[in-house]
Each structure stands twice: as C-alpha cells, then as structure tokens.
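As stored in upload-v2.txt (compact mmCIF, C-alpha atoms):
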# COMPACT_ATOMS: atom_id res chain seq x y z
CA MET A 29 -37.65 153.95 -24.62
CA SER A 30 -40.91 154.64 -22.88
CA LEU A 31 -41.97 156.85 -20.02
CA LEU A 32 -43.68 154.87 -17.25
CA HIS A 33 -45.17 156.01 -13.95
CA TRP A 34 -43.45 154.53 -10.92
CA GLY A 35 -45.82 152.42 -8.83
CA LEU A 36 -47.31 149.40 -10.58
CA ILE A 37 -51.06 149.36 -11.21
CA PRO A 38 -52.03 145.86 -12.38
CA SER A 39 -54.23 145.81 -15.49
CA TRP A 40 -57.06 144.24 -13.47
CA ALA A 41 -57.02 146.85 -10.66
CA LYS A 42 -60.31 148.67 -10.04
CA ASP A 43 -58.51 151.95 -9.25
CA SER A 44 -55.02 153.41 -8.96
CA SER A 45 -54.96 153.73 -5.16
CA GLY A 46 -52.47 150.88 -4.65
CA ALA A 47 -49.77 152.30 -6.93
CA ALA A 48 -47.91 154.11 -4.15
CA LYS A 49 -47.51 150.81 -2.30
CA MET A 50 -46.15 149.03 -5.38
CA ILE A 51 -43.03 151.01 -6.26
CA ASN A 52 -40.94 147.94 -5.42
CA ALA A 53 -41.57 144.21 -5.79
CA ARG A 54 -39.70 141.54 -3.84
CA SER A 55 -37.95 139.35 -6.40
CA GLU A 56 -38.32 136.28 -4.18
CA THR A 57 -42.15 136.44 -4.32
CA ALA A 58 -42.93 138.45 -7.49
CA GLY A 59 -43.61 135.25 -9.46
CA THR A 60 -46.37 134.22 -7.06
CA LYS A 61 -48.01 137.54 -6.11
CA PRO A 62 -51.07 138.34 -8.26
CA ALA A 63 -50.04 141.99 -8.70
CA PHE A 64 -46.62 141.09 -10.13
CA ARG A 65 -46.89 137.52 -11.49
CA ASP A 66 -48.01 138.27 -15.06
CA ALA A 67 -45.67 141.24 -15.42
CA LEU A 68 -42.68 139.12 -14.36
CA LYS A 69 -43.67 136.53 -16.92
CA SER A 70 -44.18 138.82 -19.91
CA ARG A 71 -43.71 142.55 -19.18
CA ARG A 72 -40.15 143.12 -18.03
CA CYS A 73 -38.21 146.33 -18.50
CA LEU A 74 -34.89 147.96 -17.72
CA ILE A 75 -34.93 151.08 -15.57
CA PRO A 76 -31.74 153.07 -16.25
CA ALA A 77 -29.96 154.75 -13.33
CA ASP A 78 -26.59 156.09 -12.30
CA GLY A 79 -27.20 155.65 -8.58
CA PHE A 80 -29.79 155.07 -5.88
CA TYR A 81 -30.37 156.25 -2.33
CA GLU A 82 -31.11 154.58 0.97
CA TRP A 83 -31.49 156.03 4.44
CA GLN A 84 -29.89 154.68 7.60
CA LYS A 85 -31.79 155.41 10.79
CA THR A 86 -29.66 156.37 13.78
CA GLY A 87 -31.78 157.27 16.79
CA ASN A 88 -34.29 159.85 15.55
CA ALA A 89 -32.14 160.92 12.60
CA LYS A 90 -31.94 159.43 9.11
CA GLN A 91 -28.70 159.67 7.16
CA PRO A 92 -29.02 159.31 3.36
CA TYR A 93 -26.43 157.37 1.36
CA CYS A 94 -25.79 157.26 -2.36
CA PHE A 95 -25.00 153.90 -3.98
CA GLU A 96 -23.24 153.72 -7.33
CA VAL A 97 -21.70 151.16 -9.59
CA THR A 98 -17.91 151.57 -9.64
CA ASN A 99 -16.67 154.19 -12.10
CA ARG A 100 -20.08 155.91 -11.91
CA GLU A 101 -21.33 153.90 -14.87
CA LEU A 102 -24.91 153.90 -16.04
CA PHE A 103 -26.66 150.66 -15.04
CA ALA A 104 -30.16 149.18 -15.14
CA PHE A 105 -32.56 147.99 -12.47
CA ALA A 106 -34.72 144.96 -13.21
CA GLY A 107 -38.22 146.30 -13.67
CA ILE A 108 -41.70 145.05 -14.47
CA TRP A 109 -44.49 147.06 -16.03
CA ASP A 110 -48.20 146.93 -16.72
CA ARG A 111 -50.85 148.85 -18.63
CA TRP A 112 -54.00 149.98 -16.79
CA LYS A 113 -57.12 151.71 -18.10
CA ASP A 114 -58.84 154.30 -15.90
CA LEU A 115 -62.60 155.04 -15.81
CA ASN A 116 -62.23 157.45 -18.77
CA SER A 117 -60.45 154.75 -20.81
CA ASN A 118 -57.11 156.56 -20.51
CA ILE A 119 -54.17 154.15 -20.66
CA VAL A 120 -51.66 154.47 -17.82
CA GLU A 121 -48.38 152.55 -18.05
CA THR A 122 -46.73 151.88 -14.71
CA CYS A 123 -43.69 150.04 -13.36
CA SER A 124 -42.02 148.63 -10.26
CA ILE A 125 -38.39 147.94 -9.46
CA LEU A 126 -37.54 144.44 -8.29
CA THR A 127 -35.60 144.20 -5.03
CA THR A 128 -33.47 141.48 -3.47
CA ILE A 129 -31.44 140.75 -0.37
CA PRO A 130 -28.59 143.24 0.13
CA ASN A 131 -24.97 142.70 -0.81
CA ALA A 132 -22.10 143.61 1.53
CA VAL A 133 -22.14 147.28 0.46
CA THR A 134 -25.87 147.88 0.94
CA SER A 135 -26.41 145.67 4.01
CA ALA A 136 -24.70 148.19 6.29
CA VAL A 137 -27.45 150.70 5.45
CA HIS A 138 -30.56 148.75 4.40
CA ASP A 139 -32.03 145.24 4.45
CA ARG A 140 -33.01 145.29 0.73
CA MET A 141 -31.48 146.54 -2.49
CA PRO A 142 -32.77 147.03 -6.03
CA VAL A 143 -31.83 144.30 -8.48
CA ILE A 144 -29.09 145.69 -10.71
CA LEU A 145 -28.92 143.49 -13.78
CA ASP A 146 -25.63 142.46 -15.30
CA PRO A 147 -25.46 143.96 -18.82
CA ASP A 148 -24.93 140.44 -20.22
CA SER A 149 -28.45 139.54 -19.06
CA TYR A 150 -30.30 142.50 -20.63
CA ASP A 151 -31.24 140.57 -23.77
CA ILE A 152 -32.78 137.60 -21.96
CA TRP A 153 -34.54 139.93 -19.47
CA LEU A 154 -36.13 141.90 -22.30
CA ASP A 155 -36.85 138.92 -24.59
CA PRO A 156 -40.65 138.88 -25.09
CA GLY A 157 -40.43 135.18 -25.99
CA MET A 158 -38.89 134.31 -22.61
CA SER A 159 -41.85 133.49 -20.38
CA ASP A 160 -40.11 131.02 -18.08
CA VAL A 161 -40.31 132.72 -14.69
CA THR A 162 -37.74 130.33 -13.19
CA THR A 163 -35.15 131.33 -15.79
CA VAL A 164 -35.66 135.08 -15.42
CA SER A 165 -35.84 134.78 -11.63
CA GLU A 166 -32.29 133.39 -11.62
CA LEU A 167 -31.15 136.85 -12.81
CA LEU A 168 -32.62 138.52 -9.72
CA LYS A 169 -29.70 138.40 -7.32
CA PRO A 170 -27.62 140.94 -5.40
CA TYR A 171 -25.16 142.85 -7.55
CA ASP A 172 -21.46 142.14 -7.01
CA ALA A 173 -20.45 144.26 -4.00
CA GLN A 174 -16.91 144.62 -5.34
CA LEU A 175 -18.36 146.61 -8.25
CA MET A 176 -20.23 149.10 -6.05
CA ARG A 177 -19.50 151.95 -3.70
CA CYS A 178 -21.52 154.01 -1.26
CA TYR A 179 -21.03 157.30 0.52
CA PRO A 180 -23.03 159.59 2.82
CA ILE A 181 -24.77 162.57 1.24
CA SER A 182 -26.52 165.67 2.49
CA THR A 183 -30.04 165.55 3.89
CA ARG A 184 -30.87 168.06 1.13
CA ILE A 185 -31.91 164.97 -0.84
CA ASN A 186 -34.91 164.66 1.50
CA HIS A 187 -36.61 167.76 0.08
CA VAL A 188 -38.25 167.76 -3.35
CA ALA A 189 -37.45 171.45 -3.81
CA ASN A 190 -33.76 170.50 -4.02
CA ASP A 191 -33.00 169.18 -7.49
CA ASP A 192 -29.33 169.73 -8.22
CA LYS A 193 -26.01 167.92 -8.25
CA ASP A 194 -25.23 168.97 -4.67
CA CYS A 195 -27.93 166.59 -3.45
CA SER A 196 -25.71 163.62 -4.24
CA ALA A 197 -22.35 165.17 -3.34
CA PRO A 198 -20.40 163.26 -0.67
CA VAL A 199 -20.40 164.73 2.84
CA GLU A 200 -18.27 164.11 5.91
CA LEU A 201 -20.17 162.52 8.76
CA THR A 202 -19.62 164.12 12.13
CA GLN A 203 -19.73 161.90 15.15
CA ALA A 204 -21.87 163.11 17.99
CA GLN A 205 -19.76 164.04 20.98
CA ALA A 206 -20.59 162.11 24.12
CA ARG A 207 -21.98 164.16 26.98
CA LEU A 208 -19.77 164.55 30.02
CA PHE A 209 -22.58 165.67 32.32
CA PHE A 210 -26.27 164.81 32.35
Just give me the structure as structure tokens.
Amino acid sequence: MSLLHWGLIPSWAKDSSGAAKMINARSETAGTKPAFRDALKSRRCLIPADGFYEWQKTGNAKQPYCFEVTNRELFAFAGIWDRWKDLNSNIVETCSILTTIPNAVTSAVHDRMPVILDPDSYDIWLDPGMSDVTTVSELLKPYDAQLMRCYPISTRINHVANDDKDCSAPVELTQAQARLFF
C-alpha cells in the first residue's frame, strides 16, 4: 500500500501545474498519450473504493449520484502512477484513474465511467513483468452493469466541509411541478 496524490505528474514534467487536469486518463488513448504511455506500460496500480460519484445536469441544477458495486463490496479502479521530482529534489508520487465508455447503469448520468477491474485481473494488472500494453488494455472495459447500482444522493456531497456518511445516503428526488400560469 502506498499513498499517492491524485492527478498524475509525469516524471518528465517541468512543474506540477498540469496535475489537476490529469486526475483521469481515457483508457482508449492512454497507451499513445505521452503523459500516460509509460505509466500504462510499467506503473499500474489499484485504487480501492467502495463507490464513486457523478453529477447529472438538469437545467441549471446538478444532481449527484452514488455508484456502487452490488452488495456494497470494496472494488478497485484501474490506476496508473508516476514519480516526479520537484525543484527541491522532493519526490512526489501521483496517480490517475483510467476511464472508459459507460455501462447501462452509468450512461443515464454520465458519458464516462472509471474502469473497475474484475478481481480476477488484479494479478496481471499489477504484474511488473507485464509490459504488453495491448494485453493490459484489454482489461480496460466497462464493468458489468448487472453488478452495479446507482442512487441519487444529497447535494451535501458538493461541499468539502461535509465529510460524513450522510453525504452518500440515498435521497428521494422530487419532480418539479409544472407551472399553470406564466
């Protein structure tokens, strides 16, 4: 287990300014993009999670949704990592989550989803001797929708000051009543 900063900084980067833009990497192009190519080949990791969030925009409002694997099991995102040295020679280890096209559960809310790896593929994903990008790229597919669920949650999740279990508690959505008079 290692603690990594989210937002990949490639080892060759001159500064850390691009990290915020590299929290996710598209699995379809990660093998060809300079920022992700080497990490996909030789620096893969598992990022444990028990859920993830996406927001659905409706008019001016955004409704957050929680996505889980059935039975609320712990699962792992496919991740890549790199090691960068700042101007003071401090080592910073960073990571990105690989994304893919959505499955039937996530497509109703978002046009991408994180790659959730099947537990049977953890060993090959983490194998330092596996440098065949084609082989590991075959693991980067949408997770089986029948093994997932999603539900709306409170907008409390949108505020960093809120850090409790109520953030991911299911909520009832209320439908806006149509106006009779304008």
Polymer residues at most 12 Å from (-55.8, 157.1, -14.5) by only C-alpha atoms, as number ranges by chain
A: 33, 37, 39, 41-45, 47, 111-122
Next, write the just-selected residues to a file, as a tab-separated table (two decimals), in the frame of the given file, keeping C-alpha atoms as the atom set.
chain	number	residue	atom	x	y	z
A	33	HIS	CA	-45.17	156.01	-13.95
A	37	ILE	CA	-51.06	149.36	-11.21
A	39	SER	CA	-54.23	145.81	-15.49
A	41	ALA	CA	-57.02	146.85	-10.66
A	42	LYS	CA	-60.31	148.67	-10.04
A	43	ASP	CA	-58.51	151.95	-9.25
A	44	SER	CA	-55.02	153.41	-8.96
A	45	SER	CA	-54.96	153.73	-5.16
A	47	ALA	CA	-49.77	152.30	-6.93
A	111	ARG	CA	-50.85	148.85	-18.63
A	112	TRP	CA	-54.00	149.98	-16.79
A	113	LYS	CA	-57.12	151.71	-18.10
A	114	ASP	CA	-58.84	154.30	-15.90
A	115	LEU	CA	-62.60	155.04	-15.81
A	116	ASN	CA	-62.23	157.45	-18.77
A	117	SER	CA	-60.45	154.75	-20.81
A	118	ASN	CA	-57.11	156.56	-20.51
A	119	ILE	CA	-54.17	154.15	-20.66
A	120	VAL	CA	-51.66	154.47	-17.82
A	121	GLU	CA	-48.38	152.55	-18.05
A	122	THR	CA	-46.73	151.88	-14.71
Using all atoms listed in the file, what residues lie at most 12 Å away from (-43.4, 142.1, -2.0) (file coordinates), given as an mmCIF file with C-alpha atoms, in the frame of the given file?
data_model
loop_
_atom_site.group_PDB
_atom_site.id
_atom_site.type_symbol
_atom_site.label_atom_id
_atom_site.label_comp_id
_atom_site.auth_asym_id
_atom_site.auth_seq_id
_atom_site.Cartn_x
_atom_site.Cartn_y
_atom_site.Cartn_z
ATOM 1 C CA LEU A 36 -47.310 149.400 -10.580
ATOM 2 C CA LYS A 49 -47.510 150.810 -2.300
ATOM 3 C CA MET A 50 -46.150 149.030 -5.380
ATOM 4 C CA ILE A 51 -43.030 151.010 -6.260
ATOM 5 C CA ASN A 52 -40.940 147.940 -5.420
ATOM 6 C CA ALA A 53 -41.570 144.210 -5.790
ATOM 7 C CA ARG A 54 -39.700 141.540 -3.840
ATOM 8 C CA SER A 55 -37.950 139.350 -6.400
ATOM 9 C CA GLU A 56 -38.320 136.280 -4.180
ATOM 10 C CA THR A 57 -42.150 136.440 -4.320
ATOM 11 C CA ALA A 58 -42.930 138.450 -7.490
ATOM 12 C CA GLY A 59 -43.610 135.250 -9.460
ATOM 13 C CA THR A 60 -46.370 134.220 -7.060
ATOM 14 C CA LYS A 61 -48.010 137.540 -6.110
ATOM 15 C CA PRO A 62 -51.070 138.340 -8.260
ATOM 16 C CA ALA A 63 -50.040 141.990 -8.700
ATOM 17 C CA PHE A 64 -46.620 141.090 -10.130
ATOM 18 C CA ARG A 65 -46.890 137.520 -11.490
ATOM 19 C CA SER A 124 -42.020 148.630 -10.260
ATOM 20 C CA ILE A 125 -38.390 147.940 -9.460
ATOM 21 C CA LEU A 126 -37.540 144.440 -8.290
ATOM 22 C CA THR A 127 -35.600 144.200 -5.030
ATOM 23 C CA THR A 128 -33.470 141.480 -3.470
ATOM 24 C CA ARG A 140 -33.010 145.290 0.730
#
Separation of atom CA of A:Ile75 from atom CA of A:Met29, in Å and rounded to one decimal:
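These atoms are spaced 9.9 Å apart.
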Contact residues around A:Cys123 with only C-alpha atoms at 6 Å, ignoring same-chain residues under 5 positions, as a PDB file with C-alpha atoms, keeping the file's coordinate frame:
ATOM      1  CA  TRP A  34     -43.450 154.530 -10.920  1.00  0.00           C
ATOM      2  CA  GLY A  35     -45.820 152.420  -8.830  1.00  0.00           C
ATOM      3  CA  LEU A  36     -47.310 149.400 -10.580  1.00  0.00           C
ATOM      4  CA  ILE A 108     -41.700 145.050 -14.470  1.00  0.00           C
ATOM      5  CA  TRP A 109     -44.490 147.060 -16.030  1.00  0.00           C
TER       6      TRP A 109
END
What's the separation between atom CA of A:Val133 and atom CA of A:Ala173, in Å to one decimal place?
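Between atom CA of A:Val133 and atom CA of A:Ala173 the gap is 5.6 Å.
Of note, atom CA of A:Gly46 and atom CA of A:Leu68 are spaced 18.1 Å apart.
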Which residue out of A:Gly107, A:Pro147, A:Pro142, A:Pro170 has the minimum interatomic distance to A:Ala67 when only C-alpha atoms are used?
A:Gly107
List as number ranges by chain the protein and nucleic acid residues near A:Asp151, meaning an atom at most 12 Å away when only C-alpha atoms are counted, but skip any in the same chain fewer than 3 places from it.
A: 72-74, 106, 145-148, 154-158, 164, 167
List every residue of stretch 56-175 of chain A that has an atom at most 10 Å from any atom of stretch 184-189 of chain A, giving for each one its closest atom pair and the distance in Å to one decimal, counting all atoms listed in the file, sorted by chain and then by ascending residue number, as a Markdown table.
| residue | atom | partner | partner_atom | distance |
| --- | --- | --- | --- | --- |
| A:Tyr81 | CA | A:Ile185 | CA | 9.0 |
| A:Trp83 | CA | A:Asn186 | CA | 9.7 |
| A:Lys90 | CA | A:Asn186 | CA | 9.7 |
| A:Gln91 | CA | A:Asn186 | CA | 9.8 |
| A:Pro92 | CA | A:Ile185 | CA | 7.6 |
| A:Tyr93 | CA | A:Ile185 | CA | 9.6 |
| A:Cys94 | CA | A:Ile185 | CA | 10.0 |
For A:Pro198, work out the shell of residues within 7 Å, counting all atoms listed in the file and skipping chain neighbours fewer than 6 positions away, then give it as a PyMOL selection string.
chain A and resi 179-181
Find, counting all atoms listed in the file, the residue in A:Leu31, A:Val161, A:Cys195, A:Met176 that gets nearest to A:Ala132.
A:Met176
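Distances from A:Gly79, A:Lys193, A:Asp110, A:Thr163 to A:Ile144 were compared using only C-alpha atoms, and the smallest one belongs to A:Gly79.
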Find the residues near A:Pro76: any atom within 9 Å, counting all atoms listed in the file, skip ones fewer than 3 places away on the same chain, and give them as number ranges by chain.
A: 102-105
Selection to disk with C-alpha atoms, as a PDB file, in the coordinates of the input:
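Heads up, here's the output in part.pdb:
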ATOM      1  CA  LEU A 102     -24.910 153.900 -16.040  1.00  0.00           C
ATOM      2  CA  PHE A 103     -26.660 150.660 -15.040  1.00  0.00           C
ATOM      3  CA  ALA A 104     -30.160 149.180 -15.140  1.00  0.00           C
ATOM      4  CA  PHE A 105     -32.560 147.990 -12.470  1.00  0.00           C
TER       5      PHE A 105
END
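Among the candidate residues A:Val199, A:Thr134, A:Asp66, A:Ala89, the one lying nearest to A:Pro38 is A:Asp66, with distances computed using all atoms listed in the file.
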Considering only C-alpha atoms, state which residue in the set A:Arg177, A:Lys85, A:Arg71, A:Arg100 is at the smallest distance from A:Asp139.
A:Lys85
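Proximity to A:Glu101 was assessed for A:Leu168, A:Asn88, A:Ala77, A:Leu201 counting only C-alpha atoms; the smallest distance is recorded for A:Ala77.
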Enclose all atoms of stretch 167-184 of chain A listed in the file in an axis-aligned box, grow every side by 4 Å, and hand back centre and edge lengths in Å to one decimal, as AutoDock Vina command-line options.
--center_x -24.8 --center_y 152.5 --center_z -4.5 --size_x 23.7 --size_y 39.2 --size_z 24.7
With N, CA, C and O atoms retained, output stretch 75-107 of chain A as a PDB file, in the first residue's frame.
ATOM      1  N   ILE A  75      -6.684   1.265  -7.275  1.00  0.00           N
ATOM      2  CA  ILE A  75      -7.156   2.331  -6.394  1.00  0.00           C
ATOM      3  C   ILE A  75      -8.444   1.816  -5.741  1.00  0.00           C
ATOM      4  O   ILE A  75      -9.476   1.704  -6.401  1.00  0.00           O
ATOM      5  N   PRO A  76      -8.354   1.435  -4.453  1.00  0.00           N
ATOM      6  CA  PRO A  76      -9.519   0.843  -3.792  1.00  0.00           C
ATOM      7  C   PRO A  76     -10.631   1.869  -3.581  1.00  0.00           C
ATOM      8  O   PRO A  76     -10.378   3.057  -3.363  1.00  0.00           O
ATOM      9  N   ALA A  77     -11.868   1.400  -3.670  1.00  0.00           N
ATOM     10  CA  ALA A  77     -13.036   2.268  -3.471  1.00  0.00           C
ATOM     11  C   ALA A  77     -14.226   1.415  -3.064  1.00  0.00           C
ATOM     12  O   ALA A  77     -14.235   0.200  -3.256  1.00  0.00           O
ATOM     13  N   ASP A  78     -15.218   2.069  -2.505  1.00  0.00           N
ATOM     14  CA  ASP A  78     -16.479   1.379  -2.235  1.00  0.00           C
ATOM     15  C   ASP A  78     -17.629   2.079  -2.955  1.00  0.00           C
ATOM     16  O   ASP A  78     -18.786   1.705  -2.810  1.00  0.00           O
ATOM     17  N   GLY A  79     -17.298   3.092  -3.755  1.00  0.00           N
ATOM     18  CA  GLY A  79     -18.281   3.801  -4.548  1.00  0.00           C
ATOM     19  C   GLY A  79     -17.634   4.966  -5.265  1.00  0.00           C
ATOM     20  O   GLY A  79     -16.467   5.292  -5.013  1.00  0.00           O
ATOM     21  N   PHE A  80     -18.383   5.578  -6.175  1.00  0.00           N
ATOM     22  CA  PHE A  80     -17.927   6.804  -6.824  1.00  0.00           C
ATOM     23  C   PHE A  80     -19.141   7.646  -7.158  1.00  0.00           C
ATOM     24  O   PHE A  80     -20.280   7.174  -7.113  1.00  0.00           O
ATOM     25  N   TYR A  81     -18.896   8.916  -7.449  1.00  0.00           N
ATOM     26  CA  TYR A  81     -19.972   9.871  -7.662  1.00  0.00           C
ATOM     27  C   TYR A  81     -19.884  10.494  -9.050  1.00  0.00           C
ATOM     28  O   TYR A  81     -18.802  10.721  -9.573  1.00  0.00           O
ATOM     29  N   GLU A  82     -21.041  10.763  -9.602  1.00  0.00           N
ATOM     30  CA  GLU A  82     -21.154  11.529 -10.844  1.00  0.00           C
ATOM     31  C   GLU A  82     -22.342  12.461 -10.687  1.00  0.00           C
ATOM     32  O   GLU A  82     -23.260  12.193  -9.899  1.00  0.00           O
ATOM     33  N   TRP A  83     -22.308  13.556 -11.445  1.00  0.00           N
ATOM     34  CA  TRP A  83     -23.359  14.554 -11.369  1.00  0.00           C
ATOM     35  C   TRP A  83     -24.102  14.614 -12.692  1.00  0.00           C
ATOM     36  O   TRP A  83     -23.495  14.637 -13.759  1.00  0.00           O
ATOM     37  N   GLN A  84     -25.432  14.659 -12.605  1.00  0.00           N
ATOM     38  CA  GLN A  84     -26.272  14.790 -13.787  1.00  0.00           C
ATOM     39  C   GLN A  84     -26.806  16.215 -13.820  1.00  0.00           C
ATOM     40  O   GLN A  84     -27.410  16.677 -12.848  1.00  0.00           O
ATOM     41  N   LYS A  85     -26.547  16.896 -14.925  1.00  0.00           N
ATOM     42  CA  LYS A  85     -27.008  18.267 -15.060  1.00  0.00           C
ATOM     43  C   LYS A  85     -28.427  18.273 -15.609  1.00  0.00           C
ATOM     44  O   LYS A  85     -28.725  17.644 -16.616  1.00  0.00           O
ATOM     45  N   THR A  86     -29.294  18.991 -14.904  1.00  0.00           N
ATOM     46  CA  THR A  86     -30.684  19.170 -15.327  1.00  0.00           C
ATOM     47  C   THR A  86     -30.968  20.662 -15.257  1.00  0.00           C
ATOM     48  O   THR A  86     -31.106  21.206 -14.162  1.00  0.00           O
ATOM     49  N   GLY A  87     -31.014  21.317 -16.406  1.00  0.00           N
ATOM     50  CA  GLY A  87     -31.177  22.766 -16.420  1.00  0.00           C
ATOM     51  C   GLY A  87     -29.957  23.410 -15.793  1.00  0.00           C
ATOM     52  O   GLY A  87     -28.828  23.132 -16.192  1.00  0.00           O
ATOM     53  N   ASN A  88     -30.171  24.221 -14.767  1.00  0.00           N
ATOM     54  CA  ASN A  88     -29.049  24.859 -14.062  1.00  0.00           C
ATOM     55  C   ASN A  88     -28.597  24.056 -12.850  1.00  0.00           C
ATOM     56  O   ASN A  88     -27.613  24.396 -12.216  1.00  0.00           O
ATOM     57  N   ALA A  89     -29.328  23.013 -12.509  1.00  0.00           N
ATOM     58  CA  ALA A  89     -29.016  22.222 -11.314  1.00  0.00           C
ATOM     59  C   ALA A  89     -28.189  20.990 -11.668  1.00  0.00           C
ATOM     60  O   ALA A  89     -28.252  20.474 -12.788  1.00  0.00           O
ATOM     61  N   LYS A  90     -27.415  20.527 -10.693  1.00  0.00           N
ATOM     62  CA  LYS A  90     -26.658  19.285 -10.836  1.00  0.00           C
ATOM     63  C   LYS A  90     -27.069  18.356  -9.701  1.00  0.00           C
ATOM     64  O   LYS A  90     -26.983  18.716  -8.534  1.00  0.00           O
ATOM     65  N   GLN A  91     -27.496  17.159 -10.077  1.00  0.00           N
ATOM     66  CA  GLN A  91     -27.908  16.154  -9.101  1.00  0.00           C
ATOM     67  C   GLN A  91     -26.806  15.113  -8.977  1.00  0.00           C
ATOM     68  O   GLN A  91     -26.469  14.457  -9.950  1.00  0.00           O
ATOM     69  N   PRO A  92     -26.229  14.936  -7.768  1.00  0.00           N
ATOM     70  CA  PRO A  92     -25.202  13.901  -7.599  1.00  0.00           C
ATOM     71  C   PRO A  92     -25.826  12.509  -7.428  1.00  0.00           C
ATOM     72  O   PRO A  92     -26.919  12.367  -6.876  1.00  0.00           O
ATOM     73  N   TYR A  93     -25.098  11.522  -7.930  1.00  0.00           N
ATOM     74  CA  TYR A  93     -25.478  10.115  -7.814  1.00  0.00           C
ATOM     75  C   TYR A  93     -24.293   9.331  -7.273  1.00  0.00           C
ATOM     76  O   TYR A  93     -23.140   9.626  -7.601  1.00  0.00           O
ATOM     77  N   CYS A  94     -24.601   8.332  -6.467  1.00  0.00           N
ATOM     78  CA  CYS A  94     -23.590   7.413  -5.966  1.00  0.00           C
ATOM     79  C   CYS A  94     -23.695   6.110  -6.760  1.00  0.00           C
ATOM     80  O   CYS A  94     -24.793   5.608  -6.991  1.00  0.00           O
ATOM     81  N   PHE A  95     -22.547   5.595  -7.174  1.00  0.00           N
ATOM     82  CA  PHE A  95     -22.474   4.324  -7.898  1.00  0.00           C
ATOM     83  C   PHE A  95     -21.712   3.338  -7.036  1.00  0.00           C
ATOM     84  O   PHE A  95     -20.643   3.660  -6.517  1.00  0.00           O
ATOM     85  N   GLU A  96     -22.264   2.148  -6.900  1.00  0.00           N
ATOM     86  CA  GLU A  96     -21.642   1.099  -6.095  1.00  0.00           C
ATOM     87  C   GLU A  96     -21.684  -0.223  -6.836  1.00  0.00           C
ATOM     88  O   GLU A  96     -22.521  -0.428  -7.715  1.00  0.00           O
ATOM     89  N   VAL A  97     -20.790  -1.104  -6.425  1.00  0.00           N
ATOM     90  CA  VAL A  97     -20.847  -2.476  -6.889  1.00  0.00           C
ATOM     91  C   VAL A  97     -21.879  -3.165  -5.994  1.00  0.00           C
ATOM     92  O   VAL A  97     -21.983  -2.871  -4.793  1.00  0.00           O
ATOM     93  N   THR A  98     -22.676  -4.035  -6.573  1.00  0.00           N
ATOM     94  CA  THR A  98     -23.728  -4.728  -5.837  1.00  0.00           C
ATOM     95  C   THR A  98     -23.174  -5.301  -4.530  1.00  0.00           C
ATOM     96  O   THR A  98     -22.036  -5.735  -4.470  1.00  0.00           O
ATOM     97  N   ASN A  99     -23.991  -5.272  -3.521  1.00  0.00           N
ATOM     98  CA  ASN A  99     -23.643  -5.745  -2.173  1.00  0.00           C
ATOM     99  C   ASN A  99     -22.627  -4.844  -1.483  1.00  0.00           C
ATOM    100  O   ASN A  99     -21.992  -5.253  -0.517  1.00  0.00           O
ATOM    101  N   ARG A 100     -22.444  -3.633  -2.020  1.00  0.00           N
ATOM    102  CA  ARG A 100     -21.564  -2.624  -1.406  1.00  0.00           C
ATOM    103  C   ARG A 100     -20.161  -3.154  -1.142  1.00  0.00           C
ATOM    104  O   ARG A 100     -19.526  -2.819  -0.148  1.00  0.00           O
ATOM    105  N   GLU A 101     -19.680  -3.990  -2.046  1.00  0.00           N
ATOM    106  CA  GLU A 101     -18.351  -4.573  -1.901  1.00  0.00           C
ATOM    107  C   GLU A 101     -17.263  -3.552  -2.213  1.00  0.00           C
ATOM    108  O   GLU A 101     -17.462  -2.629  -2.988  1.00  0.00           O
ATOM    109  N   LEU A 102     -16.107  -3.775  -1.624  1.00  0.00           N
ATOM    110  CA  LEU A 102     -14.930  -2.994  -1.965  1.00  0.00           C
ATOM    111  C   LEU A 102     -14.489  -3.439  -3.357  1.00  0.00           C
ATOM    112  O   LEU A 102     -14.575  -4.618  -3.700  1.00  0.00           O
ATOM    113  N   PHE A 103     -14.059  -2.499  -4.194  1.00  0.00           N
ATOM    114  CA  PHE A 103     -13.588  -2.829  -5.537  1.00  0.00           C
ATOM    115  C   PHE A 103     -12.349  -1.992  -5.833  1.00  0.00           C
ATOM    116  O   PHE A 103     -11.896  -1.238  -4.968  1.00  0.00           O
ATOM    117  N   ALA A 104     -11.808  -2.117  -7.022  1.00  0.00           N
ATOM    118  CA  ALA A 104     -10.600  -1.365  -7.369  1.00  0.00           C
ATOM    119  C   ALA A 104     -10.715  -0.761  -8.761  1.00  0.00           C
ATOM    120  O   ALA A 104     -11.113  -1.435  -9.711  1.00  0.00           O
ATOM    121  N   PHE A 105     -10.364   0.522  -8.838  1.00  0.00           N
ATOM    122  CA  PHE A 105     -10.247   1.199 -10.125  1.00  0.00           C
ATOM    123  C   PHE A 105      -8.888   0.844 -10.725  1.00  0.00           C
ATOM    124  O   PHE A 105      -7.906   0.654  -9.995  1.00  0.00           O
ATOM    125  N   ALA A 106      -8.821   0.811 -12.050  1.00  0.00           N
ATOM    126  CA  ALA A 106      -7.541   0.676 -12.740  1.00  0.00           C
ATOM    127  C   ALA A 106      -6.847   2.033 -12.665  1.00  0.00           C
ATOM    128  O   ALA A 106      -7.404   3.047 -13.076  1.00  0.00           O
ATOM    129  N   GLY A 107      -5.655   2.034 -12.127  1.00  0.00           N
ATOM    130  CA  GLY A 107      -4.905   3.278 -12.000  1.00  0.00           C
ATOM    131  C   GLY A 107      -3.520   3.174 -12.593  1.00  0.00           C
ATOM    132  O   GLY A 107      -3.004   2.068 -12.816  1.00  0.00           O
TER     133      GLY A 107
END
